[in-house]
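Here is the structure we will look at.
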Amino acid sequence: MAAPYLVFDGIAKRFDTVEVVARTFDLAVRRNEFVVFLGPSGCGKTTLMRMVGGLETASEGRITIDGEPAGRPGRDRGMVCQSYAAFPWLTVAQNVAFGMRYRLDLKPARKRERLDHYLDLVGLAEFRDTYPNRISGGMRQRVAIARTLAAGSEILLMDEPFGALDALRREGLQLELRRIQRQDAKTIIFVTHDVEEAVFLADRIIVFSRRPARKLHEIDVASVLGAERTLEQRDGPDFFRLRTEVLHLVRAAAGDER
Amino acid sequence: MAVDTLASAPGQAPARRRMTRLAKVLQRSAATLIALGSSAGLLALWEIAVRAGWLNALFLPPPSKTLVTLWRMIQDHHLLWHAGVSILRVWSAFVLAAVMAVPIGLAMGAFRNVAAALEPIVDFIRYLPVPALVPLSIIWFGVGEETKIFLLWLGTFFQLVLLVADDMRRVPRDYIEIAYTLGARPWQMLTDVAFRAMLPSLFDNLRITLGWCWTYLIIAEIVAADSGLGFLIWTARRYMNTAEVMAGVVAIGLIGLVTDQLLRRLHRRLFRYL
């Protein structure tokens with residue numbers, strides 16, 4: 001087994017006196033691992049994810065990446081948030097290009113290539129000169145996703161990024177994300193409350209309790225479904241069995257403290 | 001490709017789009033007609049009231065006389081030159097205030113420490129009525145242009161700082177966080193994202209603040225000036241020439257109307273993406 005890359009070390013979080021993450025949360029994520037945080041809405045899993053991004057500080061414990069404290073936000077940890085955060089004053093193409101604005105290492109020609117590539121990837125090439133107010137919420141979210149991918153972060157933090165998309169587009173982007181993660185060797189923390197999505201995407205699922213967030217279960221999906229994911233798998237018995245199993249765990253977790 | 005767009009794609013349903021555009025034009029011209037109609041109605045009422053003797057023409061000259069006087073003042077009293085002087089004063093003070101207020105307001109909105117340091121001073125001065133500072137500014141700067149610019153600047157700068165700071169605080173947090181995770185430094189986040197995000201409301205605040213400038217300008221020109229619209233009005237008052245006073249007031253109103261309409265149009269043009 002590879003050495004831990006992204007480590008949550010004895011994390012606890014309180015907002016004033018309200019406990020958000022129960023003491024203490026420990027998790028070691030391997031390089032290139034796709035970890036899904038699955039749990040009820042508002043349970044504190046997003047807070048944990050934001051800590052990796054440096055957008056939230058832990059009350060106790062620390063997060064390290066390759067042994068270094070995660071610290072302030074930076075381009076090494078890209079984020080896609082739940083809201084449609086495409087910048088309204090930029091066109092679709094300008095939004096995606098903004099992801100590379102602070103990449104001084106890329107030559108303009110290379111930037112143009114990447115821009116076209118990611119626009120194609122999210123299916124927005126023909127809308128490149130359109131402003132976000134002229135496109136739907138789902139398309140705006142795809143703009144935001146392409147923008148973050150274009151930045152080329154090692155670690156991707158994704159907070160229910162596909163929530164606003166229709167089923168087909170969602171499936172397509174799930175496949176793509178999985179492919180990008182394999183191909184570009186990304187480490188991904190993906191927050192969702194959708195069991196099916198979790199099983200399809202994850203190498204490993206962490207099931208959380210209701211607030212304050214506690215790790216209830218860890219499910220090793222990769223050992224069952226492997227690293228390559230295809231749409232055919234979705235109809236297979238392994239996927240079905242795993243999904244049902246996880247669904248029961250989540251149900252139990254939600255009922256846990258009711 | 002599954003097109004889940006709300007707006008029609010290029011080339012899609014052109015007939016319907018043309019219809020809505022036509023409806024929009026009609027709507028807009030209807031609004032213009034109503035605006036013109038209500039203004040004309042009010043003017044007519046005023047004219048009739050004076051001519052019928054319900055109002056004393058000496059105190060409230062009718063619109064017709066005001067317009068004739070306005071024309072005569074343009075020819076005999078260099079009204080346009082005075083108006084130009086006033087406009088120049090307003091704009092130079094306003095630009096000075098805006099150029100200073102925008103970066104300071106941005107910093108106040110973005111950084112809590114800057115806000116803590118500046119807010120008491122800004123709030124204190126903001127509440128001082130500008131006329132109360134006229135004597136002091138005359139002592140400091142004499143009766144030249146500096147006094148006028150200073151008074152106008154005083155009346156707008158501190159208000160503007162707080163408005164800009166508020167605009168900055170209203171920038172969605174997601175935008176700011178995204179900027180940081182894309183690798184922006186704090187000042188890059190401010191100029192590339194926060195400033196761009198707040199630009200439309202900043203523009204509106206500037207437009208409104210520009211109007212206040214005129215209030216302070218007239219005060220300044222009444223107290224210490226030998227030029228400008230305020231000076232013309234004040235001189236006419238001395239001779240009980242109400243028609244000239246009215247004409248001066250109307251000139252200010254017209255300048256305000258034209259400026260505001262031009263700025264609104266510019267707003268629509270600049271921020272089409274809204």
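Chain identifiers are assigned as A, B, and so on, following the order in which chains appear in the structure tokens; residues are numbered from 1 within each chain, and ligands are numbered from 1 in order of appearance.
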**Study point:** Exercise answer, chain A residues close to chain B, 8 Å and only C-alpha atoms, as a PyMOL selection string
**Key:** chain A and resi 53+55+73-81+83+85+87-89+99-100+102+123+131-136+138-139+148+151+168-169
Practice item. Mind checking which residues fall within 9 Å of Met198 in chain B, counting only C-alpha atoms, ignoring those fewer than 3 positions away in the same chain, and posting them as a PyMOL selection string? Key: chain B and resi 164+167-168+170-171+193-195+201-203
Could you write out the selected residues, including N, CA and C atoms, as a short mmCIF file (atom, residue, chain, number, x, y, z; two decimals), in the first residue's frame?
```cif
data_model
loop_
_atom_site.label_atom_id
_atom_site.label_comp_id
_atom_site.auth_asym_id
_atom_site.auth_seq_id
_atom_site.Cartn_x
_atom_site.Cartn_y
_atom_site.Cartn_z
N VAL B 164 -18.62 51.73 -0.98
CA VAL B 164 -17.74 50.77 -1.65
C VAL B 164 -17.44 49.59 -0.73
N ASP B 167 -20.36 47.32 -0.75
CA ASP B 167 -20.40 46.56 -2.01
C ASP B 167 -19.42 45.40 -1.96
N MET B 168 -18.24 45.69 -1.46
CA MET B 168 -17.21 44.65 -1.37
C MET B 168 -17.68 43.51 -0.48
N ARG B 170 -20.58 42.51 -0.04
CA ARG B 170 -21.67 41.76 -0.67
C ARG B 170 -21.20 40.84 -1.80
N VAL B 171 -19.92 40.89 -2.15
CA VAL B 171 -19.40 39.97 -3.18
C VAL B 171 -19.55 38.54 -2.66
N VAL B 193 -11.31 39.67 -9.26
CA VAL B 193 -12.60 39.05 -8.97
C VAL B 193 -13.53 39.98 -8.19
N ALA B 194 -13.12 40.39 -7.00
CA ALA B 194 -14.03 41.18 -6.16
C ALA B 194 -14.41 42.49 -6.85
N PHE B 195 -13.42 43.19 -7.40
CA PHE B 195 -13.71 44.46 -8.05
C PHE B 195 -14.64 44.27 -9.24
N SER B 201 -22.71 47.51 -9.15
CA SER B 201 -23.30 48.28 -8.05
C SER B 201 -22.42 49.47 -7.70
N LEU B 202 -21.12 49.35 -7.91
CA LEU B 202 -20.23 50.49 -7.70
C LEU B 202 -20.59 51.62 -8.66
N PHE B 203 -20.82 51.24 -9.91
CA PHE B 203 -21.19 52.23 -10.92
C PHE B 203 -22.46 52.96 -10.51
#
```
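Take CA of Ala98 in chain B and CA of Pro131 in chain B: the distance between them is 21.0 Å.
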Practice item. Mind listing the strand (DSSP E) residues of range 69-253 of chain A, per DSSP on the backbone, as a PyMOL selection string? Key: chain A and resi 69+77-80+155-159+187-192+204-208+215-220
Practice item. Can you work out which one of B:Ile149, B:Val90, B:Ala83, B:Val161 has the shortest atom-to-atom distance to Met108 in chain B, counting only C-alpha atoms? Key: B:Val161
With only C-alpha atoms as the counted atoms, please give the residues lying no more than 12 Å from Asp238 in chain A, apart from itself and same-chain residues fewer than 4 positions off, as a compact mmCIF listing (two decimals) with N, CA, C and O atoms, in the first residue's frame.
```txt
# COMPACT_ATOMS: atom_id res chain seq x y z
N VAL A 199 -21.09 5.33 -5.00
CA VAL A 199 -20.58 4.00 -5.34
C VAL A 199 -19.93 4.01 -6.71
O VAL A 199 -18.88 3.40 -6.92
N PHE A 200 -20.52 4.74 -7.64
CA PHE A 200 -19.98 4.74 -8.99
C PHE A 200 -18.61 5.43 -9.06
O PHE A 200 -17.74 5.02 -9.82
N VAL A 221 -14.56 0.42 -2.20
CA VAL A 221 -15.27 0.16 -3.45
C VAL A 221 -14.32 -0.38 -4.52
O VAL A 221 -14.67 -1.25 -5.30
N ALA A 222 -13.10 0.15 -4.51
CA ALA A 222 -12.13 -0.20 -5.56
C ALA A 222 -11.89 -1.71 -5.62
O ALA A 222 -11.73 -2.28 -6.69
N SER A 223 -11.88 -2.37 -4.46
CA SER A 223 -11.59 -3.81 -4.45
C SER A 223 -12.72 -4.61 -5.06
O SER A 223 -12.53 -5.75 -5.48
N VAL A 224 -13.92 -4.01 -5.13
CA VAL A 224 -15.05 -4.71 -5.74
C VAL A 224 -15.21 -4.33 -7.21
O VAL A 224 -15.32 -5.18 -8.08
N LEU A 225 -15.20 -3.03 -7.49
CA LEU A 225 -15.50 -2.56 -8.84
C LEU A 225 -14.24 -2.28 -9.66
O LEU A 225 -14.33 -2.04 -10.86
N GLY A 226 -13.08 -2.27 -9.02
CA GLY A 226 -11.85 -1.99 -9.75
C GLY A 226 -11.65 -0.51 -10.01
O GLY A 226 -12.47 0.32 -9.60
N GLU A 232 -21.61 0.07 -18.08
CA GLU A 232 -22.15 -1.28 -17.99
C GLU A 232 -22.15 -1.77 -16.54
O GLU A 232 -23.06 -2.47 -16.10
N GLN A 233 -21.10 -1.38 -15.83
CA GLN A 233 -21.01 -1.81 -14.43
C GLN A 233 -22.24 -1.42 -13.63
O GLN A 233 -22.65 -2.10 -12.71
N ARG A 234 -22.79 -0.27 -14.02
CA ARG A 234 -23.92 0.26 -13.28
C ARG A 234 -25.11 -0.70 -13.26
O ARG A 234 -25.96 -0.63 -12.37
N LEU A 242 -23.49 -3.61 -3.91
CA LEU A 242 -22.74 -2.62 -3.14
C LEU A 242 -23.63 -1.41 -2.83
O LEU A 242 -23.64 -0.88 -1.72
N ARG A 243 -24.38 -0.99 -3.85
CA ARG A 243 -25.23 0.18 -3.68
C ARG A 243 -26.26 -0.08 -2.58
O ARG A 243 -26.50 0.76 -1.72
N THR A 244 -26.87 -1.27 -2.60
CA THR A 244 -27.87 -1.60 -1.59
C THR A 244 -27.23 -1.63 -0.20
O THR A 244 -27.79 -1.10 0.76
N GLU A 245 -26.07 -2.21 -0.14
CA GLU A 245 -25.35 -2.30 1.14
C GLU A 245 -25.09 -0.91 1.72
O GLU A 245 -25.38 -0.62 2.88
```
Practice item. Tell me, as JSON, numbers by chain, which residues lie within 8 Å of Glu221 in chain B, counting only C-alpha atoms; anything in the same chain fewer than 5 positions away does not count. Key: {"B": [148, 226, 227, 228, 229, 230, 231]}
Create the file for the chosen residues now, containing N, CA and C atoms and written as a PDB file, in the first residue's frame.
```pdb
ATOM      1  N   LYS B 148     -13.897  75.060  -3.130  1.00  0.00           N
ATOM      2  CA  LYS B 148     -15.045  74.351  -3.716  1.00  0.00           C
ATOM      3  C   LYS B 148     -14.746  72.863  -3.880  1.00  0.00           C
ATOM      4  N   ASP B 226     -17.347  83.701  -7.980  1.00  0.00           N
ATOM      5  CA  ASP B 226     -17.775  84.725  -8.928  1.00  0.00           C
ATOM      6  C   ASP B 226     -18.083  84.076 -10.263  1.00  0.00           C
ATOM      7  N   SER B 227     -18.351  82.798 -10.209  1.00  0.00           N
ATOM      8  CA  SER B 227     -18.726  82.079 -11.427  1.00  0.00           C
ATOM      9  C   SER B 227     -19.505  80.841 -11.040  1.00  0.00           C
ATOM     10  N   GLY B 228     -20.151  80.239 -12.024  1.00  0.00           N
ATOM     11  CA  GLY B 228     -20.904  79.010 -11.779  1.00  0.00           C
ATOM     12  C   GLY B 228     -22.386  79.287 -11.634  1.00  0.00           C
ATOM     13  N   LEU B 229     -23.182  78.219 -11.738  1.00  0.00           N
ATOM     14  CA  LEU B 229     -24.635  78.367 -11.701  1.00  0.00           C
ATOM     15  C   LEU B 229     -25.111  78.873 -10.336  1.00  0.00           C
ATOM     16  N   GLY B 230     -24.482  78.406  -9.269  1.00  0.00           N
ATOM     17  CA  GLY B 230     -24.848  78.861  -7.927  1.00  0.00           C
ATOM     18  C   GLY B 230     -24.667  80.370  -7.812  1.00  0.00           C
ATOM     19  N   PHE B 231     -23.565  80.865  -8.367  1.00  0.00           N
ATOM     20  CA  PHE B 231     -23.298  82.294  -8.362  1.00  0.00           C
ATOM     21  C   PHE B 231     -24.381  83.049  -9.138  1.00  0.00           C
TER      22      PHE B 231
END
```
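Taking only range 31-90 of chain A, the residues that DSSP calls alpha helix (DSSP H) from the backbone come to Lys45, Thr46, Thr47, Leu48, Met49, Arg50, Met51 and Val52 of chain A.
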Create the file for the chosen residues now, containing C-alpha atoms and written as a short mmCIF file (atom, residue, chain, number, x, y, z; two decimals), in the first residue's frame.
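To be explicit, this is the file written out as result_31.cif:
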```cif
data_model
loop_
_atom_site.label_atom_id
_atom_site.label_comp_id
_atom_site.auth_asym_id
_atom_site.auth_seq_id
_atom_site.Cartn_x
_atom_site.Cartn_y
_atom_site.Cartn_z
CA LYS A 45 -18.66 16.64 5.78
CA THR A 46 -18.39 19.81 3.71
CA THR A 47 -16.61 21.52 6.59
CA LEU A 48 -14.02 18.74 6.61
CA MET A 49 -13.52 19.09 2.88
CA ARG A 50 -13.15 22.87 3.17
CA MET A 51 -10.44 22.38 5.77
CA VAL A 52 -8.32 20.66 3.14
#
```
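Taking CA of Ala213 in chain A and CA of Phe37 in chain A as endpoints, the distance between them is 10.6 Å.
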Point to revise | One-decimal distance in Å that lies between CA of His193 in chain A and CA of Leu38 in chain A | key: 5.3 Å
Review point. Using only C-alpha atoms, which of A:Val21, A:Val250, A:Ala86, A:Ala28 sits nearest Arg140 in chain A?
Key: A:Ala86
Contacts of His217 in chain A within 9 Å, only C-alpha atoms, excl. fewer than 3 positions in-chain, as a PDB file with N, CA, C and O atoms, in the first residue's frame:
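Result written to selection04.pdb:
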```
ATOM      1  N   ILE A 205     -15.478   4.909   0.172  1.00  0.00           N
ATOM      2  CA  ILE A 205     -16.555   5.766   0.667  1.00  0.00           C
ATOM      3  C   ILE A 205     -16.422   5.878   2.178  1.00  0.00           C
ATOM      4  O   ILE A 205     -16.203   4.881   2.868  1.00  0.00           O
ATOM      5  N   ILE A 206     -16.546   7.097   2.681  1.00  0.00           N
ATOM      6  CA  ILE A 206     -16.618   7.313   4.122  1.00  0.00           C
ATOM      7  C   ILE A 206     -18.061   7.687   4.438  1.00  0.00           C
ATOM      8  O   ILE A 206     -18.578   8.672   3.905  1.00  0.00           O
ATOM      9  N   VAL A 207     -18.715   6.885   5.274  1.00  0.00           N
ATOM     10  CA  VAL A 207     -20.095   7.193   5.640  1.00  0.00           C
ATOM     11  C   VAL A 207     -20.092   7.953   6.967  1.00  0.00           C
ATOM     12  O   VAL A 207     -19.498   7.503   7.948  1.00  0.00           O
ATOM     13  N   PHE A 208     -20.747   9.112   6.942  1.00  0.00           N
ATOM     14  CA  PHE A 208     -20.756   9.979   8.127  1.00  0.00           C
ATOM     15  C   PHE A 208     -22.064   9.879   8.887  1.00  0.00           C
ATOM     16  O   PHE A 208     -23.117   9.574   8.313  1.00  0.00           O
ATOM     17  N   LEU A 249     -26.498   1.237   5.095  1.00  0.00           N
ATOM     18  CA  LEU A 249     -25.609   1.889   6.069  1.00  0.00           C
ATOM     19  C   LEU A 249     -25.999   3.349   6.264  1.00  0.00           C
ATOM     20  O   LEU A 249     -26.035   3.855   7.390  1.00  0.00           O
TER      21      LEU A 249
END
```
Point to revise | Non-local contacts of Pro62 in chain B (10 Å; only C-alpha atoms; under 2 positions in same chain excluded) as a VMD selection string | key: chain B and resid 43 to 51 55 to 60 64 to 67 243 246
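Using only C-alpha atoms for every distance, the candidate list A:Leu231, A:Val35, A:Val92, A:Ala164 yields A:Val35 as the residue closest to Ile219 in chain A.
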Point to revise | Gly255 in chain A environment, 12 Å, only C-alpha atoms, sequence neighbours closer than 6 positions dropped, as a PyMOL selection string | key: chain A and resi 39-40+208-210+248-249
